[in-house]
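Structure record follows, encoded as structure tokens.
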Amino acid sequence: MPDTWDPTCYARFADERSQPFDDLLALIVRAPGMSIVDLGCGDGALTARLHRALSARHTLGLDSSPAMLAASAARAADAGPGLEFRCEDIARWRPEAPPDLLFSHAALHWVPDHVSLVPRLVGLLAPGGQLAVQLPANQDDVSQQLLLEVAAEAPFAEALGGWLHRTPVLDERHYARLLHEAGCVAQRVGSRVYVHTLPGREAVAEWMSGTTLTAYRARLPAALAGQLVRTYTERLRAVLPARQPFPFYFRRLLLWGRRGG
């Protein structure tokens, strides 16, 4: 499947995306000389911040998009020793040695079957290791629901073979149970709604173009993918109020657990 991630488009809302990163970082119990793996590191900017903030001994950033990783070499050099990046599928990755921290900021919603995923990730940790995850949970918002409606219509539905991007994200209590049953002796699970102030309603389509729409562009011919984006943008414009600035309410889950041992 082609790499349809656009780092420039994604970085357009870097400040807004960094807000939940900071909240997730605040949940981590700091320890000297930690080994960290960032699952779904994107362009590496926040991975470098994570590495510096925790004074980690070693941090490995993983992402499956060569386009997103293109700037990572420079970031690794700027962040000092111990930071590296690799292009790998985070759903299949296995560590060479158990890390002290598995961190993932807005990436694991691309990985299916969280009932199996969460205990598997906890099991990869060193004894006493931590799992810290931020998950977009905005599937009830009109921006997500409208995209599902458009993609389910002709001619897109036929070209997609009926496929639609449906999030595997669960509710808070389900994650709390999964962490507990996986052997976490301490945990914090909760949701937060972030109010992102965008220039106008058109920026919501730009936001989606940098995230969920990438999955559709990867599965459609270029001309049809462009038609999908245009149709979706027109539909959004018809239902969203013409406010400048535009408040974009975005719900996210923050999960933290410490493995026993």
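Just so we're on the same page: first chain in the structure tokens is A, next is B, and so on; residues restart at 1 for each chain, and ligands are numbered from 1 in the order they show up.
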Counting only C-alpha atoms, give me one row per residue of range 87-154 of chain A with an atom at most 10 Å from an atom of range 208-223 of chain A, showing the shortest contact pair and its distance in Å to one decimal, sorted by chain then residue number, as a Markdown table.
```
| residue | atom | partner | partner_atom | distance |
| --- | --- | --- | --- | --- |
| A:Ala106 | CA | A:Thr211 | CA | 9.8 |
| A:Trp110 | CA | A:Ala215 | CA | 9.3 |
| A:Ser143 | CA | A:Met208 | CA | 7.8 |
| A:Gln144 | CA | A:Thr212 | CA | 8.4 |
| A:Leu147 | CA | A:Leu213 | CA | 8.4 |
| A:Ala151 | CA | A:Tyr216 | CA | 8.3 |
```
When you look at Arg258 in chain A with a cut-off of 6 Å (counting only C-alpha atoms), what residues show up, excluding the ones that are within fewer than 6 positions of it in the same chain? I need them as a ChimeraX atom specification.
/A:128-130,184-186
Take the residues from that selection and write them out as a compact mmCIF listing (two decimals), in the first residue's frame, keeping N, CA and C atoms.
```
# COMPACT_ATOMS: atom_id res chain seq x y z
N GLY A 128 8.37 -3.66 36.09
CA GLY A 128 8.24 -2.29 36.56
C GLY A 128 8.14 -1.26 35.46
N GLY A 129 8.14 -1.72 34.20
CA GLY A 129 8.07 -0.81 33.06
C GLY A 129 6.70 -0.17 32.92
N GLN A 130 6.67 0.90 32.12
CA GLN A 130 5.45 1.69 31.97
C GLN A 130 4.95 1.70 30.53
N CYS A 184 -0.80 -4.86 35.32
CA CYS A 184 -0.39 -3.53 35.75
C CYS A 184 -0.80 -3.33 37.22
N VAL A 185 0.17 -2.97 38.05
CA VAL A 185 -0.09 -2.79 39.47
C VAL A 185 -0.53 -1.37 39.80
N ALA A 186 -0.40 -0.48 38.83
CA ALA A 186 -0.90 0.89 38.96
C ALA A 186 -1.32 1.35 37.58
```
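With only C-alpha atoms as the atoms that count, the minimum distance from Pro32 in chain A to the choices A:Ser55, A:Gln187, A:Gln19, A:Thr47 is reached by A:Ser55.
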From range 92-199 of chain A, collect each residue whose DSSP state is strand (DSSP E or B) and return the set as number ranges by chain.
A: 101-105, 130-136, 184-198
Restricted to N, CA and C atoms, what would the selected residues look like written as a PDB file, in the first residue's frame?
```
ATOM      1  N   LEU A 101       9.902   1.902  29.046  1.00  0.00           N
ATOM      2  CA  LEU A 101       8.709   2.682  28.705  1.00  0.00           C
ATOM      3  C   LEU A 101       8.324   2.429  27.263  1.00  0.00           C
ATOM      4  N   LEU A 102       7.082   2.045  27.062  1.00  0.00           N
ATOM      5  CA  LEU A 102       6.469   2.024  25.734  1.00  0.00           C
ATOM      6  C   LEU A 102       5.539   3.217  25.673  1.00  0.00           C
ATOM      7  N   PHE A 103       5.789   4.091  24.721  1.00  0.00           N
ATOM      8  CA  PHE A 103       5.069   5.353  24.598  1.00  0.00           C
ATOM      9  C   PHE A 103       4.426   5.396  23.218  1.00  0.00           C
ATOM     10  N   SER A 104       3.194   5.871  23.147  1.00  0.00           N
ATOM     11  CA  SER A 104       2.558   6.009  21.836  1.00  0.00           C
ATOM     12  C   SER A 104       1.583   7.179  21.867  1.00  0.00           C
ATOM     13  N   HIS A 105       1.842   8.142  21.001  1.00  0.00           N
ATOM     14  CA  HIS A 105       1.039   9.363  20.938  1.00  0.00           C
ATOM     15  C   HIS A 105       0.284   9.385  19.603  1.00  0.00           C
ATOM     16  N   GLN A 130       6.669   0.900  32.117  1.00  0.00           N
ATOM     17  CA  GLN A 130       5.451   1.687  31.973  1.00  0.00           C
ATOM     18  C   GLN A 130       4.953   1.699  30.528  1.00  0.00           C
ATOM     19  N   LEU A 131       3.642   1.712  30.405  1.00  0.00           N
ATOM     20  CA  LEU A 131       2.967   1.882  29.117  1.00  0.00           C
ATOM     21  C   LEU A 131       2.201   3.190  29.170  1.00  0.00           C
ATOM     22  N   ALA A 132       2.455   4.089  28.221  1.00  0.00           N
ATOM     23  CA  ALA A 132       1.768   5.385  28.159  1.00  0.00           C
ATOM     24  C   ALA A 132       1.246   5.592  26.747  1.00  0.00           C
ATOM     25  N   VAL A 133      -0.071   5.749  26.616  1.00  0.00           N
ATOM     26  CA  VAL A 133      -0.709   5.779  25.302  1.00  0.00           C
ATOM     27  C   VAL A 133      -1.740   6.896  25.245  1.00  0.00           C
ATOM     28  N   GLN A 134      -1.719   7.639  24.158  1.00  0.00           N
ATOM     29  CA  GLN A 134      -2.774   8.616  23.862  1.00  0.00           C
ATOM     30  C   GLN A 134      -3.494   8.164  22.604  1.00  0.00           C
ATOM     31  N   LEU A 135      -4.818   8.092  22.682  1.00  0.00           N
ATOM     32  CA  LEU A 135      -5.635   7.598  21.571  1.00  0.00           C
ATOM     33  C   LEU A 135      -6.698   8.617  21.187  1.00  0.00           C
ATOM     34  N   PRO A 136      -6.751   9.039  19.926  1.00  0.00           N
ATOM     35  CA  PRO A 136      -7.895   9.834  19.486  1.00  0.00           C
ATOM     36  C   PRO A 136      -9.183   9.029  19.666  1.00  0.00           C
ATOM     37  N   CYS A 184      -0.798  -4.862  35.324  1.00  0.00           N
ATOM     38  CA  CYS A 184      -0.395  -3.529  35.755  1.00  0.00           C
ATOM     39  C   CYS A 184      -0.802  -3.327  37.218  1.00  0.00           C
ATOM     40  N   VAL A 185       0.167  -2.972  38.046  1.00  0.00           N
ATOM     41  CA  VAL A 185      -0.092  -2.794  39.473  1.00  0.00           C
ATOM     42  C   VAL A 185      -0.533  -1.369  39.797  1.00  0.00           C
ATOM     43  N   ALA A 186      -0.397  -0.480  38.829  1.00  0.00           N
ATOM     44  CA  ALA A 186      -0.897   0.892  38.962  1.00  0.00           C
ATOM     45  C   ALA A 186      -1.315   1.352  37.580  1.00  0.00           C
ATOM     46  N   GLN A 187      -2.327   2.208  37.527  1.00  0.00           N
ATOM     47  CA  GLN A 187      -2.802   2.690  36.231  1.00  0.00           C
ATOM     48  C   GLN A 187      -3.572   3.987  36.385  1.00  0.00           C
ATOM     49  N   ARG A 188      -3.619   4.729  35.286  1.00  0.00           N
ATOM     50  CA  ARG A 188      -4.468   5.914  35.178  1.00  0.00           C
ATOM     51  C   ARG A 188      -5.077   5.896  33.781  1.00  0.00           C
ATOM     52  N   VAL A 189      -6.388   5.944  33.742  1.00  0.00           N
ATOM     53  CA  VAL A 189      -7.102   5.910  32.468  1.00  0.00           C
ATOM     54  C   VAL A 189      -8.170   6.989  32.503  1.00  0.00           C
ATOM     55  N   GLY A 190      -8.220   7.823  31.489  1.00  0.00           N
ATOM     56  CA  GLY A 190      -9.235   8.863  31.450  1.00  0.00           C
ATOM     57  C   GLY A 190      -9.351   9.482  30.075  1.00  0.00           C
ATOM     58  N   SER A 191     -10.355  10.314  29.909  1.00  0.00           N
ATOM     59  CA  SER A 191     -10.565  11.012  28.642  1.00  0.00           C
ATOM     60  C   SER A 191     -10.544  12.515  28.883  1.00  0.00           C
ATOM     61  N   ARG A 192     -10.132  13.245  27.842  1.00  0.00           N
ATOM     62  CA  ARG A 192     -10.126  14.700  27.886  1.00  0.00           C
ATOM     63  C   ARG A 192     -10.614  15.223  26.535  1.00  0.00           C
ATOM     64  N   VAL A 193     -11.332  16.311  26.590  1.00  0.00           N
ATOM     65  CA  VAL A 193     -11.768  16.984  25.369  1.00  0.00           C
ATOM     66  C   VAL A 193     -10.917  18.238  25.202  1.00  0.00           C
ATOM     67  N   TYR A 194     -10.215  18.307  24.084  1.00  0.00           N
ATOM     68  CA  TYR A 194      -9.363  19.454  23.785  1.00  0.00           C
ATOM     69  C   TYR A 194     -10.106  20.389  22.839  1.00  0.00           C
ATOM     70  N   VAL A 195     -10.044  21.668  23.114  1.00  0.00           N
ATOM     71  CA  VAL A 195     -10.658  22.662  22.242  1.00  0.00           C
ATOM     72  C   VAL A 195      -9.541  23.256  21.380  1.00  0.00           C
ATOM     73  N   HIS A 196      -9.489  22.824  20.134  1.00  0.00           N
ATOM     74  CA  HIS A 196      -8.485  23.328  19.206  1.00  0.00           C
ATOM     75  C   HIS A 196      -9.085  24.501  18.427  1.00  0.00           C
ATOM     76  N   THR A 197      -8.473  25.644  18.531  1.00  0.00           N
ATOM     77  CA  THR A 197      -8.976  26.838  17.855  1.00  0.00           C
ATOM     78  C   THR A 197      -8.361  26.909  16.466  1.00  0.00           C
ATOM     79  N   LEU A 198      -9.171  26.605  15.451  1.00  0.00           N
ATOM     80  CA  LEU A 198      -8.712  26.580  14.065  1.00  0.00           C
ATOM     81  C   LEU A 198      -9.127  27.873  13.354  1.00  0.00           C
TER      82      LEU A 198
END
```
Assign secondary structure with DSSP using the backbone only, and return the residues of range 8-197 of chain A in helix (DSSP H, G or I) as a ChimeraX atom specification.
/A:8-11,14-27,45-53,66-69,72-79,108-110,114-124,142-151,156-160,172-181
